[in-house]
file upload-v6.cif (mmCIF, C-alpha atoms (C1' of nucleotides))
data_run
#
loop_
_atom_site.label_atom_id
_atom_site.label_comp_id
_atom_site.auth_asym_id
_atom_site.auth_seq_id
_atom_site.Cartn_x
_atom_site.Cartn_y
_atom_site.Cartn_z
CA MET B 1 0.00 0.00 0.00
CA ASN B 2 0.90 3.58 -0.40
CA ASN B 3 3.42 5.73 1.44
CA GLU B 4 1.05 8.63 1.66
CA LEU B 5 -1.61 6.58 3.39
CA GLU B 6 1.01 5.29 5.77
CA ALA B 7 1.93 8.87 6.54
CA TYR B 8 -1.70 9.63 7.40
CA ILE B 9 -1.91 6.65 9.68
CA SER B 10 1.27 7.67 11.38
CA THR B 11 0.36 11.35 11.64
CA TYR B 12 -3.30 11.18 12.55
CA PHE B 13 -3.26 8.13 14.76
CA GLY B 14 0.27 8.11 16.06
CA VAL B 15 0.90 4.52 15.08
CA VAL B 16 4.66 4.15 15.15
CA ARG B 17 5.69 0.57 14.48
CA PRO B 18 6.20 0.09 10.73
CA LYS B 19 4.70 -3.39 10.80
CA GLU B 20 1.53 -2.08 12.33
CA ILE B 21 1.30 0.81 9.93
CA LYS B 22 1.66 -1.70 7.12
CA ALA B 23 -1.00 -3.96 8.62
CA ILE B 24 -3.45 -1.10 8.83
CA SER B 25 -2.71 0.37 5.45
CA ASP B 26 -3.19 -3.03 3.83
CA LEU B 27 -6.81 -2.91 4.90
CA PHE B 28 -7.42 0.22 2.85
CA GLN B 29 -8.16 0.25 -0.84
CA LEU B 30 -7.40 3.17 -3.08
CA THR B 31 -10.71 3.98 -4.73
CA SER B 32 -11.81 6.64 -7.16
CA ILE B 33 -15.04 8.52 -7.35
CA LYS B 34 -16.11 10.72 -10.23
CA LYS B 35 -17.17 14.31 -9.89
CA GLY B 36 -20.79 14.45 -8.83
CA ALA B 37 -20.91 10.88 -7.55
CA TYR B 38 -21.98 10.21 -3.99
CA PHE B 39 -19.70 8.69 -1.39
CA LEU B 40 -22.61 8.57 1.04
CA LYS B 41 -26.32 9.23 0.88
CA ALA B 42 -28.25 10.60 3.85
CA GLY B 43 -30.51 7.94 5.29
CA LYS B 44 -28.25 5.03 4.31
CA LYS B 45 -25.75 3.54 6.66
CA SER B 46 -22.20 4.69 6.37
CA GLU B 47 -20.27 1.52 5.58
CA ARG B 48 -16.86 3.02 4.90
CA LEU B 49 -14.27 5.35 6.31
CA SER B 50 -12.06 7.11 3.81
CA PHE B 51 -9.12 9.46 3.67
CA VAL B 52 -9.05 11.79 0.73
CA GLN B 53 -5.87 11.38 -1.28
CA SER B 54 -6.73 13.85 -4.01
CA GLY B 55 -9.83 15.77 -4.87
CA LEU B 56 -12.63 17.16 -2.74
CA LEU B 57 -15.79 15.93 -1.09
CA ARG B 58 -18.67 18.03 0.08
CA VAL B 59 -20.63 17.07 3.17
CA PHE B 60 -24.09 18.56 3.08
CA VAL B 61 -27.72 18.11 3.91
CA GLN B 62 -30.90 19.03 2.11
CA THR B 63 -33.37 20.83 4.35
CA ALA B 64 -36.89 21.86 3.49
CA ASP B 65 -35.87 25.23 2.14
CA LYS B 66 -32.18 25.05 1.38
CA GLU B 67 -29.10 22.94 1.06
CA VAL B 68 -26.59 23.32 3.88
CA THR B 69 -22.93 22.51 3.35
CA GLN B 70 -21.52 21.24 6.60
CA TRP B 71 -17.93 20.70 5.51
CA ILE B 72 -15.63 20.32 2.53
CA THR B 73 -13.22 17.46 2.93
CA THR B 74 -9.77 18.05 1.47
CA LYS B 75 -6.63 16.01 0.97
CA GLY B 76 -5.63 14.11 4.06
CA GLN B 77 -8.95 14.53 5.84
CA PHE B 78 -11.28 11.71 6.64
CA ALA B 79 -14.75 11.32 5.23
CA THR B 80 -17.66 9.43 6.71
CA ASP B 81 -20.71 10.03 8.81
CA LEU B 82 -19.00 9.15 12.05
CA SER B 83 -22.10 8.42 14.10
CA SER B 84 -23.54 6.30 11.33
CA LEU B 85 -20.31 4.36 10.94
CA VAL B 86 -19.96 3.76 14.64
CA PHE B 87 -23.58 3.17 15.63
CA ASP B 88 -25.07 1.79 12.41
CA SER B 89 -27.59 4.60 12.45
CA PRO B 90 -28.84 6.23 9.25
CA ALA B 91 -26.37 8.74 7.88
CA ARG B 92 -27.29 12.33 8.50
CA TRP B 93 -25.18 13.77 5.69
CA ASP B 94 -24.87 13.45 1.96
CA ILE B 95 -21.27 13.27 0.83
CA GLN B 96 -20.59 14.00 -2.82
CA ALA B 97 -17.43 14.44 -4.88
CA LEU B 98 -16.92 18.03 -6.02
CA VAL B 99 -14.24 16.86 -8.49
CA ASP B 100 -12.83 13.49 -9.41
CA THR B 101 -11.53 12.22 -6.12
CA GLU B 102 -9.22 9.47 -4.96
CA MET B 103 -9.38 8.13 -1.47
CA TYR B 104 -8.06 5.40 0.70
CA SER B 105 -11.11 3.59 1.85
CA ILE B 106 -11.78 0.90 4.41
CA SER B 107 -14.95 -1.02 5.11
CA LYS B 108 -16.55 -0.89 8.52
CA ALA B 109 -15.79 -4.57 8.99
CA ASP B 110 -12.11 -4.13 8.23
CA TYR B 111 -11.97 -0.98 10.29
CA GLU B 112 -13.20 -2.90 13.28
CA LYS B 113 -10.48 -5.47 12.76
CA ILE B 114 -7.75 -2.92 13.42
CA GLY B 115 -8.41 -3.10 17.12
CA SER B 116 -7.29 -6.71 17.16
CA LEU B 117 -4.16 -5.95 15.14
CA ILE B 118 -2.85 -3.12 17.26
CA PRO B 119 -3.23 -3.35 21.02
CA GLU B 120 -3.52 0.36 21.67
CA TRP B 121 -5.65 1.10 18.63
CA HIS B 122 -8.78 2.20 20.49
CA LEU B 123 -6.68 4.59 22.50
CA LEU B 124 -5.17 6.12 19.36
CA GLU B 125 -8.57 6.28 17.79
CA LYS B 126 -9.89 8.06 20.86
CA LEU B 127 -7.16 10.66 20.57
CA PHE B 128 -8.03 11.18 16.93
CA ILE B 129 -11.69 11.72 17.70
CA VAL B 130 -10.88 14.07 20.55
CA ARG B 131 -8.98 16.21 18.07
CA CYS B 132 -12.06 16.21 15.85
CA PHE B 133 -14.22 17.14 18.82
CA THR B 134 -11.92 20.02 19.65
CA MET B 135 -12.17 21.35 16.12
CA MET B 136 -15.93 21.30 16.47
CA GLU B 137 -15.66 23.25 19.72
CA ASP B 138 -13.63 25.88 17.90
CA ARG B 139 -16.12 26.02 15.12
CA ILE B 140 -19.03 26.54 17.50
CA PHE B 141 -17.05 29.22 19.27
CA SER B 142 -16.62 31.03 15.96
CA HIS B 143 -20.39 31.19 15.63
CA LEU B 144 -20.87 32.43 19.18
CA SER B 145 -18.27 35.15 19.01
CA MET B 146 -17.51 36.20 15.46
CA SER B 147 -19.23 38.09 12.65
CA ALA B 148 -19.58 36.65 9.17
CA GLU B 149 -16.61 38.73 8.06
CA GLU B 150 -14.44 37.45 10.88
CA ARG B 151 -15.38 33.86 10.14
CA TYR B 152 -14.47 34.50 6.52
CA GLN B 153 -11.08 35.93 7.45
CA VAL B 154 -10.14 33.11 9.76
CA PHE B 155 -11.22 30.45 7.33
CA PHE B 156 -9.44 32.14 4.44
CA GLU B 157 -6.20 32.35 6.38
CA ASN B 158 -6.27 28.63 6.95
CA ASN B 159 -7.75 27.43 3.68
CA ALA B 160 -6.81 29.92 1.01
CA ALA B 161 -6.24 27.29 -1.67
CA LEU B 162 -9.77 26.00 -1.38
CA PHE B 163 -11.15 29.31 -2.66
CA ASN B 164 -9.86 28.51 -6.14
CA GLU B 165 -11.12 24.96 -6.14
CA VAL B 166 -14.77 24.90 -5.20
CA PRO B 167 -17.88 26.97 -5.87
CA LEU B 168 -17.76 29.73 -3.33
CA GLN B 169 -21.40 29.28 -2.43
CA TYR B 170 -20.43 26.07 -0.66
CA ILE B 171 -17.83 27.81 1.44
CA ALA B 172 -20.38 30.51 2.20
CA SER B 173 -22.82 27.90 3.41
CA MET B 174 -20.33 26.10 5.60
CA LEU B 175 -19.42 29.43 7.19
CA GLY B 176 -23.08 30.15 7.83
CA MET B 177 -23.81 32.98 5.40
CA THR B 178 -25.47 33.51 2.04
CA PRO B 179 -23.49 33.66 -1.22
CA GLU B 180 -24.36 37.34 -1.53
CA THR B 181 -22.94 38.19 1.87
CA PHE B 182 -19.88 36.13 1.05
CA SER B 183 -19.38 38.00 -2.20
CA ARG B 184 -19.71 41.38 -0.51
CA ILE B 185 -17.19 40.45 2.13
CA ARG B 186 -14.75 39.49 -0.60
CA LYS B 187 -15.30 42.77 -2.36
CA LYS B 188 -14.78 44.73 0.81
CA ILE B 189 -11.58 42.87 1.64
CA ALA B 190 -10.22 43.30 -1.89
CA ASN B 191 -10.38 47.10 -1.49
CA MET U 1 -19.72 4.46 45.70
CA ASN U 2 -23.01 5.76 44.59
CA ASN U 3 -25.77 4.15 42.55
CA GLU U 4 -26.31 7.25 40.51
CA LEU U 5 -22.72 7.35 39.40
CA GLU U 6 -22.93 3.70 38.53
CA ALA U 7 -25.96 4.45 36.42
CA TYR U 8 -24.00 7.11 34.51
CA ILE U 9 -21.16 4.72 33.89
CA SER U 10 -23.57 2.12 32.67
CA THR U 11 -25.60 4.52 30.55
CA TYR U 12 -22.92 6.69 29.04
CA PHE U 13 -20.22 4.12 28.55
CA GLY U 14 -22.19 0.94 28.23
CA VAL U 15 -20.18 -0.89 30.85
CA VAL U 16 -22.32 -3.86 31.79
CA ARG U 17 -20.51 -6.11 34.26
CA PRO U 18 -21.33 -5.00 37.81
CA LYS U 19 -17.81 -5.69 39.02
CA GLU U 20 -16.37 -3.39 36.41
CA ILE U 21 -18.90 -0.68 37.08
CA LYS U 22 -17.93 -0.89 40.71
CA ALA U 23 -14.23 -0.78 39.89
CA ILE U 24 -14.70 2.37 37.85
CA SER U 25 -17.01 4.10 40.24
CA ASP U 26 -14.58 3.50 43.10
CA LEU U 27 -12.10 5.73 41.32
CA PHE U 28 -14.45 8.69 41.49
CA GLN U 29 -14.85 10.95 44.47
CA LEU U 30 -17.97 12.89 45.22
CA THR U 31 -16.82 16.48 45.54
CA SER U 32 -18.61 19.73 46.15
CA ILE U 33 -17.96 23.13 44.74
CA LYS U 34 -19.52 26.35 45.95
CA LYS U 35 -21.42 28.77 43.77
CA GLY U 36 -18.94 30.99 42.00
CA ALA U 37 -15.96 28.69 42.52
CA TYR U 38 -13.97 27.52 39.53
CA PHE U 39 -13.72 23.89 38.52
CA LEU U 40 -11.21 24.83 35.83
CA LYS U 41 -9.34 27.95 34.82
CA ALA U 42 -8.43 28.66 31.21
CA GLY U 43 -4.70 28.34 30.70
CA LYS U 44 -4.26 25.69 33.39
CA LYS U 45 -4.23 22.02 32.62
CA SER U 46 -7.42 20.12 33.12
CA GLU U 47 -6.53 17.48 35.69
CA ARG U 48 -9.98 16.06 36.34
CA LEU U 49 -13.03 14.69 34.63
CA SER U 50 -16.31 15.10 36.46
CA PHE U 51 -19.94 14.20 36.15
CA VAL U 52 -22.37 16.67 37.61
CA GLN U 53 -24.56 15.06 40.24
CA SER U 54 -26.44 18.18 41.25
CA GLY U 55 -26.04 21.83 40.42
CA LEU U 56 -24.79 23.59 37.33
CA LEU U 57 -21.47 24.52 35.78
CA ARG U 58 -20.89 27.16 33.16
CA VAL U 59 -18.23 26.68 30.53
CA PHE U 60 -17.11 30.00 29.14
CA VAL U 61 -14.24 32.04 27.83
CA GLN U 62 -13.28 35.65 28.25
CA THR U 63 -12.48 37.31 24.92
CA ALA U 64 -11.15 40.80 24.37
CA ASP U 65 -14.59 42.38 24.23
CA LYS U 66 -17.00 39.92 25.79
CA GLU U 67 -17.53 36.78 27.74
CA VAL U 68 -18.80 33.85 25.70
CA THR U 69 -20.67 31.00 27.35
CA GLN U 70 -19.92 27.84 25.47
CA TRP U 71 -22.09 25.45 27.44
CA ILE U 72 -23.97 24.95 30.69
CA THR U 73 -23.34 21.56 32.21
CA THR U 74 -26.32 20.01 33.94
CA LYS U 75 -26.95 16.92 36.01
CA GLY U 76 -25.50 13.80 34.45
CA GLN U 77 -23.27 15.63 31.99
CA PHE U 78 -19.54 15.54 32.09
CA ALA U 79 -17.33 18.54 32.71
CA THR U 80 -13.75 19.03 31.66
CA ASP U 81 -11.73 20.59 28.90
CA LEU U 82 -11.46 17.40 26.91
CA SER U 83 -8.48 18.36 24.79
CA SER U 84 -6.62 19.64 27.83
CA LEU U 85 -7.37 16.47 29.78
CA VAL U 86 -6.30 14.20 26.96
CA PHE U 87 -3.32 16.11 25.56
CA ASP U 88 -2.09 18.00 28.62
CA SER U 89 -2.52 21.22 26.75
CA PRO U 90 -3.64 24.43 28.46
CA ALA U 91 -7.37 24.52 29.03
CA ARG U 92 -9.27 26.71 26.64
CA TRP U 93 -12.31 27.20 28.87
CA ASP U 94 -13.11 28.51 32.29
CA ILE U 95 -15.57 26.31 34.15
CA GLN U 96 -17.37 27.86 37.10
CA ALA U 97 -20.19 26.72 39.35
CA LEU U 98 -23.40 28.66 38.80
CA VAL U 99 -24.83 27.26 42.04
CA ASP U 100 -23.50 24.95 44.72
CA THR U 101 -22.64 21.84 42.75
CA GLU U 102 -21.84 18.24 43.55
CA MET U 103 -19.97 16.09 41.13
CA TYR U 104 -18.32 12.74 40.82
CA SER U 105 -14.77 13.55 39.98
CA ILE U 106 -11.81 11.51 38.86
CA SER U 107 -8.20 12.54 38.44
CA LYS U 108 -6.49 12.21 35.10
CA ALA U 109 -4.18 9.59 36.57
CA ASP U 110 -7.04 7.47 37.83
CA TYR U 111 -8.96 8.00 34.65
CA GLU U 112 -6.11 6.56 32.68
CA LYS U 113 -6.09 3.52 34.92
CA ILE U 114 -9.55 2.50 33.79
CA GLY U 115 -8.15 1.18 30.54
CA SER U 116 -6.22 -1.47 32.43
CA LEU U 117 -9.25 -2.46 34.51
CA ILE U 118 -11.67 -2.98 31.68
CA PRO U 119 -10.41 -4.54 28.49
CA GLU U 120 -12.79 -2.78 26.15
CA TRP U 121 -12.66 0.56 27.93
CA HIS U 122 -11.03 2.54 25.13
CA LEU U 123 -13.68 1.28 22.78
CA LEU U 124 -16.47 2.38 25.13
CA GLU U 125 -14.75 5.68 25.63
CA LYS U 126 -14.53 6.13 21.89
CA LEU U 127 -18.26 5.56 21.55
CA PHE U 128 -18.89 8.14 24.25
CA ILE U 129 -16.76 10.72 22.51
CA VAL U 130 -18.36 9.98 19.16
CA ARG U 131 -21.70 10.82 20.73
CA CYS U 132 -20.24 14.10 21.96
CA PHE U 133 -18.85 14.78 18.50
CA THR U 134 -22.25 14.15 16.97
CA MET U 135 -23.87 16.63 19.34
CA MET U 136 -21.32 19.20 18.22
CA GLU U 137 -22.20 18.49 14.59
CA ASP U 138 -25.83 19.16 15.41
CA ARG U 139 -24.96 22.35 17.15
CA ILE U 140 -22.94 23.62 14.22
CA PHE U 141 -25.77 22.70 11.92
CA SER U 142 -28.10 24.83 14.02
CA HIS U 143 -25.88 27.82 13.38
CA LEU U 144 -25.68 27.14 9.65
CA SER U 145 -29.38 26.69 9.11
CA MET U 146 -31.43 28.31 11.85
CA SER U 147 -32.33 31.81 13.00
CA ALA U 148 -31.84 32.97 16.57
CA GLU U 149 -35.51 32.36 17.21
CA GLU U 150 -35.36 28.81 15.88
CA ARG U 151 -32.30 28.03 17.98
CA TYR U 152 -34.17 29.38 20.98
CA GLN U 153 -37.19 27.20 20.28
CA VAL U 154 -35.22 24.02 19.82
CA PHE U 155 -33.14 24.61 22.90
CA PHE U 156 -36.16 25.49 24.98
CA GLU U 157 -37.99 22.33 23.94
CA ASN U 158 -35.09 20.24 25.16
CA ASN U 159 -34.01 22.24 28.20
CA ALA U 160 -37.05 24.04 29.53
CA ALA U 161 -36.10 23.53 33.18
CA LEU U 162 -32.80 25.32 32.73
CA PHE U 163 -34.62 28.58 32.01
CA ASN U 164 -35.64 28.85 35.63
CA GLU U 165 -32.25 27.96 37.00
CA VAL U 166 -29.63 30.17 35.42
CA PRO U 167 -29.29 33.80 34.36
CA LEU U 168 -30.82 33.93 30.91
CA GLN U 169 -27.93 35.96 29.54
CA TYR U 170 -25.80 32.82 29.72
CA ILE U 171 -28.28 30.82 27.69
CA ALA U 172 -28.43 33.68 25.21
CA SER U 173 -24.67 33.60 24.83
CA MET U 174 -24.46 29.88 24.35
CA LEU U 175 -27.12 30.13 21.66
CA GLY U 176 -25.15 32.88 19.95
CA MET U 177 -27.28 35.94 20.56
CA THR U 178 -27.38 38.98 22.82
CA PRO U 179 -29.49 39.14 25.98
CA GLU U 180 -31.67 41.76 24.33
CA THR U 181 -32.44 39.59 21.33
CA PHE U 182 -33.09 36.71 23.68
CA SER U 183 -35.50 38.81 25.70
CA ARG U 184 -37.38 39.96 22.59
CA ILE U 185 -37.73 36.41 21.34
CA ARG U 186 -39.22 35.42 24.67
CA LYS U 187 -41.67 38.30 24.53
CA LYS U 188 -42.70 37.40 21.01
CA ILE U 189 -43.23 33.76 21.88
CA ALA U 190 -45.22 34.64 25.00
CA ASN U 191 -47.77 36.45 22.83
"C1'" DT D 1 -15.95 27.93 -30.79
"C1'" DT D 2 -20.53 28.54 -29.42
"C1'" DG D 3 -24.45 28.16 -26.71
"C1'" DA D 4 -26.19 26.69 -22.40
"C1'" DT D 5 -25.68 26.41 -17.73
"C1'" DT D 6 -23.92 27.59 -13.52
"C1'" DT D 7 -21.76 30.74 -10.51
"C1'" DC D 8 -20.69 35.17 -8.98
"C1'" DT D 9 -21.64 40.00 -8.36
"C1'" DT D 10 -24.32 44.02 -7.65
"C1'" DG D 11 -28.15 47.06 -6.30
"C1'" DA D 12 -32.32 47.92 -3.85
"C1'" DT D 13 -34.70 46.78 -0.08
"C1'" DA D 14 -36.26 44.11 3.96
"C1'" DA D 15 -35.52 41.59 7.99
"C1'" DA D 16 -32.79 40.11 11.75
"C1'" DT D 17 -29.81 41.16 15.16
"C1'" DG D 18 -26.74 44.25 17.81
"C1'" DT D 19 -25.80 48.47 20.55
"C1'" DC D 20 -26.70 51.83 23.87
"C1'" DA D 21 -29.24 53.79 27.45
"C1'" DA D 22 -32.79 53.87 30.70
"C1'" DG D 23 -35.88 51.82 33.89
"C1'" DC D 24 -37.83 48.14 36.61
"C1'" DG D 25 -37.97 44.08 39.59
"C1'" DT D 26 -35.71 41.04 42.80
"C1'" DC D 27 -32.83 39.76 46.30
"C1'" DA D 28 -29.71 40.05 49.85
"C1'" DA D 29 -26.52 42.73 52.77
"C1'" DA D 30 -26.23 46.60 55.70
"C1'" DT F 1 -36.36 48.90 55.69
"C1'" DT F 2 -33.27 50.69 52.69
"C1'" DT F 3 -29.78 50.41 49.42
"C1'" DG F 4 -27.10 48.55 45.97
"C1'" DA F 5 -26.03 44.98 42.77
"C1'" DC F 6 -27.64 42.28 39.33
"C1'" DG F 7 -30.44 40.68 35.71
"C1'" DC F 8 -34.22 41.46 32.64
"C1'" DT F 9 -36.89 44.34 29.62
"C1'" DT F 10 -37.86 48.00 26.51
"C1'" DG F 11 -37.26 51.73 23.13
"C1'" DA F 12 -34.60 54.08 19.70
"C1'" DC F 13 -31.45 53.45 16.53
"C1'" DA F 14 -27.39 51.35 13.97
"C1'" DT F 15 -25.38 47.61 11.78
"C1'" DT F 16 -25.29 43.24 9.82
"C1'" DT F 17 -27.15 39.95 7.10
"C1'" DA F 18 -30.82 38.09 4.08
"C1'" DT F 19 -33.82 38.35 0.11
"C1'" DC F 20 -35.01 39.19 -4.51
"C1'" DA F 21 -33.97 40.31 -9.08
"C1'" DA F 22 -30.96 41.28 -12.74
"C1'" DG F 23 -26.90 41.01 -15.22
"C1'" DA F 24 -21.90 39.71 -15.81
"C1'" DA F 25 -18.51 36.26 -15.71
"C1'" DA F 26 -16.96 31.74 -15.77
"C1'" DT F 27 -17.44 26.98 -16.94
"C1'" DC F 28 -18.96 23.06 -19.41
"C1'" DA F 29 -20.60 20.38 -23.12
"C1'" DA F 30 -21.74 19.84 -27.84
#

call {"tool": "encode", "arguments": {"input": "upload-v6.cif", "output": "structure tokens"}}
result
Amino acid sequence: MNNELEAYISTYFGVVRPKEIKAISDLFQLTSIKKGAYFLKAGKKSERLSFVQSGLLRVFVQTADKEVTQWITTKGQFATDLSSLVFDSPARWDIQALVDTEMYSISKADYEKIGSLIPEWHLLEKLFIVRCFTMMEDRIFSHLSMSAEERYQVFFENNAALFNEVPLQYIASMLGMTPETFSRIRKKIAN
Amino acid sequence: MNNELEAYISTYFGVVRPKEIKAISDLFQLTSIKKGAYFLKAGKKSERLSFVQSGLLRVFVQTADKEVTQWITTKGQFATDLSSLVFDSPARWDIQALVDTEMYSISKADYEKIGSLIPEWHLLEKLFIVRCFTMMEDRIFSHLSMSAEERYQVFFENNAALFNEVPLQYIASMLGMTPETFSRIRKKIAN
DNA sequence: TTGATTTCTTGATAAATGTCAAGCGTCAAA
DNA sequence: TTTGACGCTTGACATTTATCAAGAAATCAA
């Protein structure tokens, strides 16, 4: 399996022994998904966990009156509906490829095998999820304390490249504003 | 140790064997904290994980221009700065008792012992944190898709009792609005 | 390349929310 | 009982953000 995947496993989960990294990475398959195709449909069970190798996925949900983009998954990030994967509940998000996308993907069954391969796996996994939880705390804080313009600024500083790669309306939605507001903020900042 | 704590351990973590529940609960101490006292100070390391048995804690942060309430912890909920507890990083939140509060509290050192007492502990812990993560997803979604009034309604439906127990300004803050907006929403709904 | 489609921008206006200041009620300490 | 602190409400007004509609720009497919 691939060096880049092994780097993810090492970086995100802190697995250090090469044999173990190899054992985990062998459970992943490199899979491709075409632009517009769905990695996950809301209502279905999430059967796979994936790490994006190249390309982009959009996590969103269709509400009665609008579509809400919850996140855009970029290279190196994981994609799944975590609660659906873990609890076998119906997925709450649609996940769709914004461009042709390659990812390292593992089935739920194989994912659950990792625990028996690596003694401290559930601990490492816990640490990974705590990091995710902490990012969510930060994101909530941004909505409690910042204006739309401030949220734009912070996100742009950390994700500038994304602004050339996806329809801006999706970034607007995931920052909690309309495309028009987003556009006006950009205009204001440009001057 | 106490039946109520054992119920939390059973409910939140899914520990089933009575001996194990007992072993875990014995590591907790019932501790009291007076109204206004701090359970955690931002910048310090979070050394304890606690479950509120009675009373209320407010999780907040002081920014340059205002104080932001991130959460109010009620009976049965856990209190800590999770990332600080897990990674030994400085706490990002202040946690202060809103009223005299009793909680079952465990030190980080004892907490980390649980893994050696119960084989599947890290798995159970993971499931617990995934549930927390999912709640954060929902909360972010509420900020991406709902107005202040809708957030008020949803929160009120699920936490009506809290409205008689804490200064409403704190609820306003944790829902991402000013006390004045909060007050006007209440007036509107009353009519 | 061209036409169709989608996305982005802009203006006008409306609605939601924030800010500031004042006043009122409640509660507890003096 | 009074006084002061605190929290809530209200009004006037400002600012932010959303909505709607139109057109410009970019992208995609034939």

call {"tool": "closest_residue", "arguments": {"input": "upload-v6.cif", "among": "F:DT17, F:DT9, F:DA30, F:DA25", "to": "chain U", "atoms": "only C-alpha atoms (C1' of nucleotides)"}}
result
F:DT9

call {"tool": "residues_around", "arguments": {"input": "upload-v6.cif", "residues": "region 9-16 of chain D", "least_positions_apart": "2", "cutoff": "12 Å", "atoms": "only C-alpha atoms (C1' of nucleotides)", "output": "ChimeraX atom specification"}}
result
/B:179-187 /U:146-149,177,181,184-185 /D:7,18 /F:15-25

call {"tool": "residues_around", "arguments": {"input": "upload-v6.cif", "residues": "Leu57 (chain B)", "least_positions_apart": "3", "cutoff": "9 Å", "atoms": "all atoms listed in the file", "output": "ChimeraX atom specification"}}
result
/B:38-39,52,71-74,79,95-99,101

call {"tool": "resolve_selection", "arguments": {"input": "upload-v6.cif", "expression": "the PyMOL selection byres ((chain D and resi 3) around 12)", "output": "list in words"}}
result
DT1, DT2, DA4 and DT5 of chain D; DC28, DA29 and DA30 of chain F

call {"tool": "resolve_selection", "arguments": {"input": "upload-v6.cif", "expression": "the PyMOL selection byres ((chain B and resi 9) around 12)", "output": "compact mmCIF listing (two decimals) with C-alpha atoms, in the frame of the given file"}}
result
# COMPACT_ATOMS: atom_id res chain seq x y z
CA MET B 1 0.00 0.00 0.00
CA ASN B 2 0.90 3.58 -0.40
CA ASN B 3 3.42 5.73 1.44
CA GLU B 4 1.05 8.63 1.66
CA LEU B 5 -1.61 6.58 3.39
CA GLU B 6 1.01 5.29 5.77
CA ALA B 7 1.93 8.87 6.54
CA TYR B 8 -1.70 9.63 7.40
CA SER B 10 1.27 7.67 11.38
CA THR B 11 0.36 11.35 11.64
CA TYR B 12 -3.30 11.18 12.55
CA PHE B 13 -3.26 8.13 14.76
CA GLY B 14 0.27 8.11 16.06
CA VAL B 15 0.90 4.52 15.08
CA VAL B 16 4.66 4.15 15.15
CA ARG B 17 5.69 0.57 14.48
CA PRO B 18 6.20 0.09 10.73
CA GLU B 20 1.53 -2.08 12.33
CA ILE B 21 1.30 0.81 9.93
CA LYS B 22 1.66 -1.70 7.12
CA ALA B 23 -1.00 -3.96 8.62
CA ILE B 24 -3.45 -1.10 8.83
CA SER B 25 -2.71 0.37 5.45
CA ASP B 26 -3.19 -3.03 3.83
CA LEU B 27 -6.81 -2.91 4.90
CA PHE B 28 -7.42 0.22 2.85
CA SER B 50 -12.06 7.11 3.81
CA PHE B 51 -9.12 9.46 3.67
CA GLY B 76 -5.63 14.11 4.06
CA GLN B 77 -8.95 14.53 5.84
CA PHE B 78 -11.28 11.71 6.64
CA TYR B 104 -8.06 5.40 0.70
CA ILE B 114 -7.75 -2.92 13.42
CA TRP B 121 -5.65 1.10 18.63
CA LEU B 124 -5.17 6.12 19.36
CA GLU B 125 -8.57 6.28 17.79
CA PHE B 128 -8.03 11.18 16.93

call {"tool": "closest_residue", "arguments": {"input": "upload-v6.cif", "among": "B:Arg48, B:Arg58, B:Lys41, B:Lys66", "to": "Val86 (chain B)", "atoms": "all atoms listed in the file"}}
result
B:Arg48

call {"tool": "interface_residues", "arguments": {"input": "upload-v6.cif", "of": "chain B", "to": "chain U", "cutoff": "10 Å", "atoms": "all atoms listed in the file", "output": "ChimeraX atom specification"}}
result
/B:60-61,63,65-70,81-84,86-87,92,115,120-146,172-178

call {"tool": "resolve_selection", "arguments": {"input": "upload-v6.cif", "expression": "the PyMOL selection byres ((chain F) within 10 of (chain U))", "output": "PDB file with C-alpha atoms (C1' of nucleotides), keeping the file's coordinate frame"}}
result
ATOM      1  C1'  DC F   6     -27.640  42.280  39.330  1.00  0.00           C
ATOM      2  C1'  DG F   7     -30.440  40.680  35.710  1.00  0.00           C
ATOM      3  C1'  DC F   8     -34.220  41.460  32.640  1.00  0.00           C
ATOM      4  C1'  DT F   9     -36.890  44.340  29.620  1.00  0.00           C
ATOM      5  C1'  DT F  10     -37.860  48.000  26.510  1.00  0.00           C
TER       6       DT F  10
END

call {"tool": "atom_distance", "arguments": {"input": "upload-v6.cif", "atom1": "CA of Ser46 (chain B)", "atom2": "CA of Asp100 (chain B)"}}
result
20.4 Å

call {"tool": "atom_distance", "arguments": {"input": "upload-v6.cif", "atom1": "CA of Leu117 (chain U)", "atom2": "CA of Glu112 (chain B)"}}
result
21.6 Å

call {"tool": "closest_residue", "arguments": {"input": "upload-v6.cif", "among": "D:DA29, D:DC24, D:DC8, D:DT19", "to": "chain B", "atoms": "only C-alpha atoms (C1' of nucleotides)"}}
result
D:DC8
